[in-house]
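J.: The structure that follows is given in the form of structure tokens.
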Amino acid sequence: FHLPSILAYDLGASSGRALLGRLTDRRIEVEEVHRFGNDPVAVGDRLHWDILRLFHDIKHGLLKAKLAGETPGSLAIDSWAVDFGLIGRGGELLGNPYHYRDRHTDGVMERTTARLTPGRIFGRSGIQFLPFNTIYQLAALKEADSPLLAQAERFLMIPDLLRYFLTGEMHNEFSNATTTQLYNPLLGGWDAELLGDIGIPSSLFGTVVQPGTPAGRLRPSLKEELGIGAIPVYTVAEHDTGSAVAAVPALERDFAYLSCGTWSLMGTEVDWPVITDLAQELNFTNEGGVGGTYRLLKNIMGLWILQETRRTWEKAGLTLGFPELVALAEQAPPLRAFIDPDDAMFLHAGDMPARIARYCERTGQRAPGTPGEIVRCILESLALKYRYVLELTERLSGKRFGGLHMVGGGIQNALLCQWSANAIGKPVWAGPVEGSALGNLAVQWIAQGEIADIWEARKIIRESFPVTNYEPRDGAQWEEAYGRFRALTRLS
Ligand code: LFR
């Protein structure tokens, strides 16, 4: 006898995956049944997610599982945070969801915080100030007198929306809800006052359900279309970072993590949000997680800068894969020029090599010229930023970390892992790669009583997947570089 497989969809900003997971004798095995691109579409002045194509690929994953002879016992979806769709009369999606990198929020955070004060927003939500937070996206629609908003009856975040397409049921999931900056962890629900402040009706927002809640079954039309059964659908930590942190194979309670993908999310897990003046000043966030935990963390721009650099070169006819780019970086001279990856100039899509050159000019550095030098500059700057944010995490949490757990697709870049260890002067423990999908599977198993809690899940994940150890090297050089990085980036 063994348990049926279950299915996790993990949608990232650049690709989506469907993974079948099987739990046998306290070991997890996974099999990727479908991998698909996630290509946002620019149209007019707007940037949208191609939500129907994503739904198509979710269905396609089910079909491929069926053709492989599998009938998943359940499924769940996680994705990036903050973005949403609005549902109108009759249950139809109004318009195409905006991409969080769309420019319609330009200036909105500044105007909103000037009016409400940062203290009010952070005090009520515990969430870091990022210009694309849902609160500013909704305020932007309100300012623009959006007809979509006028017609809206329900607000669903991306996984809520895709789950609704699958089941016909609407639920707002907790981990993602917290990222809106409109959820109040102290009240345990949507913050009606903040919603009132930005002129958005509370009636759009449903009851918030915890990760690991049964949330319906595949709707009849879909069963018919795909020729499959009424598979149960669960909520999990539908914010991908929440799922990734649930899968960190830590054995100790006080651990530091870095979820490494398009974004780099670094911090620690806490039992209760840290809503203090210092947290606000350092712009840390408290995102809701699994089993009542919170993620005290900070967003770092991450591999996005490298992804956009690669796209820029590709458009110019220079097509290089990530392994080739990393190999070129390794050959370039070390620790020359640095950027602050979190400078606002790197947030939007565009010509990153040109922006890096501009940043270097502005800060009196010789700009990197060759592709190898540019990639080296990006990766070293990320590693140095990790050191800075790790120090802030220790300061804010009062914890001391013996090393750093790295999870997510970015850890396939061994050079970045090694340089991160060098920069922080502590070991990096890298693994697993499919952090979010594993956290997604684990929460489904917890909900079904197969795994006791996230601590047991972490132990099982540790025993099921390899973790690569990177010991710090070249301490003196990195120490000197960190001093220069701090001075250049004028970080307090
Ligand atoms: C990572 C992530 C981050 C969130 C960003 C935008 O994939 O979910 O946690 O800040 O995407 O939604």
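Following the order of the structure tokens, chains are lettered A, B, ..., residues in each are numbered from 1, and ligands are numbered from 1.
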With 9 Å as the cut-off and only C-alpha atoms counted, what is the closest atom pair between each nearby residue of range 172-278 of chain A and range 65-73 of chain A? Distances in Å to one decimal, ordered by chain and number, as JSON lines.

T.:
{"residue": "A:Leu226", "atom": "CA", "partner": "A:Lys66", "partner_atom": "CA", "distance": 8.8}
{"residue": "A:Gly227", "atom": "CA", "partner": "A:Lys66", "partner_atom": "CA", "distance": 8.8}
{"residue": "A:Ile228", "atom": "CA", "partner": "A:Lys66", "partner_atom": "CA", "distance": 7.5}
{"residue": "A:Gly229", "atom": "CA", "partner": "A:Thr71", "partner_atom": "CA", "distance": 7.9}
{"residue": "A:Ile231", "atom": "CA", "partner": "A:Gly73", "partner_atom": "CA", "distance": 6.4}
{"residue": "A:Pro232", "atom": "CA", "partner": "A:Gly73", "partner_atom": "CA", "distance": 7.0}

J.: Please extract the residues at most 9 Å from ligand 1, counting only C-alpha atoms and all ligand atoms, and provide them as a VMD selection string, using the chain letters and residue numbers of this document.

T.: chain A and resid 11 to 13 79 to 83 100 to 101 130 132 to 133 176 179 239 to 242 259 to 265 287 298 to 300

J.: If we count only C-alpha atoms and set the cut-off at 7 Å, which residues sit around range 58-64 of chain A, ignoring sequence neighbours fewer than 5 positions away in its own chain? Please answer as number ranges by chain.

T.: A: 18, 33-34, 226

J.: Of the residues A:Gly288, A:Asp271, A:Gly350, A:Gly449, which is the one nearest to Thr312 in chain A, using only C-alpha atoms?

T.: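 Using only C-alpha atoms, the shortest distance to Thr312 in chain A belongs to A:Gly350.
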
J.: Could you build a table of the residues in range 138-254 of chain A lying no more than 12 Å from range 274-280 of chain A, giving for each the nearest pair of atoms and their separation in Å rounded to one decimal place, using only C-alpha atoms, ordered by chain and ascending residue number, as a tab-separated table?

T.:
residue	atom	partner	partner_atom	distance
A:Asn184	CA	A:Ile275	CA	11.1
A:Pro185	CA	A:Ile275	CA	10.1
A:Leu186	CA	A:Ile275	CA	10.0

J.: Tell me which of A:Pro353, A:Gly398, A:Gly85, A:Gly403 sits closest to Leu138 in chain A, counting only C-alpha atoms.

T.: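 Nearest candidate to Leu138 in chain A out of A:Pro353, A:Gly398, A:Gly85, A:Gly403: A:Gly85.
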
J.: Please, what distance in Å, to one decimal, runs between CA of Leu149 in chain A and CA of Pro201 in chain A?

T.: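 About the pair CA of Leu149 in chain A and CA of Pro201 in chain A: they are 9.8 Å apart.
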
J.: Counting only C-alpha atoms, figure out which residue out of A:Leu7, A:Ala152, A:Val290, A:Val209 gets nearest to Ala177 in chain A.

T.: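 Of A:Leu7, A:Ala152, A:Val290, A:Val209, the one nearest Ala177 in chain A, counting only C-alpha atoms, is A:Val209.
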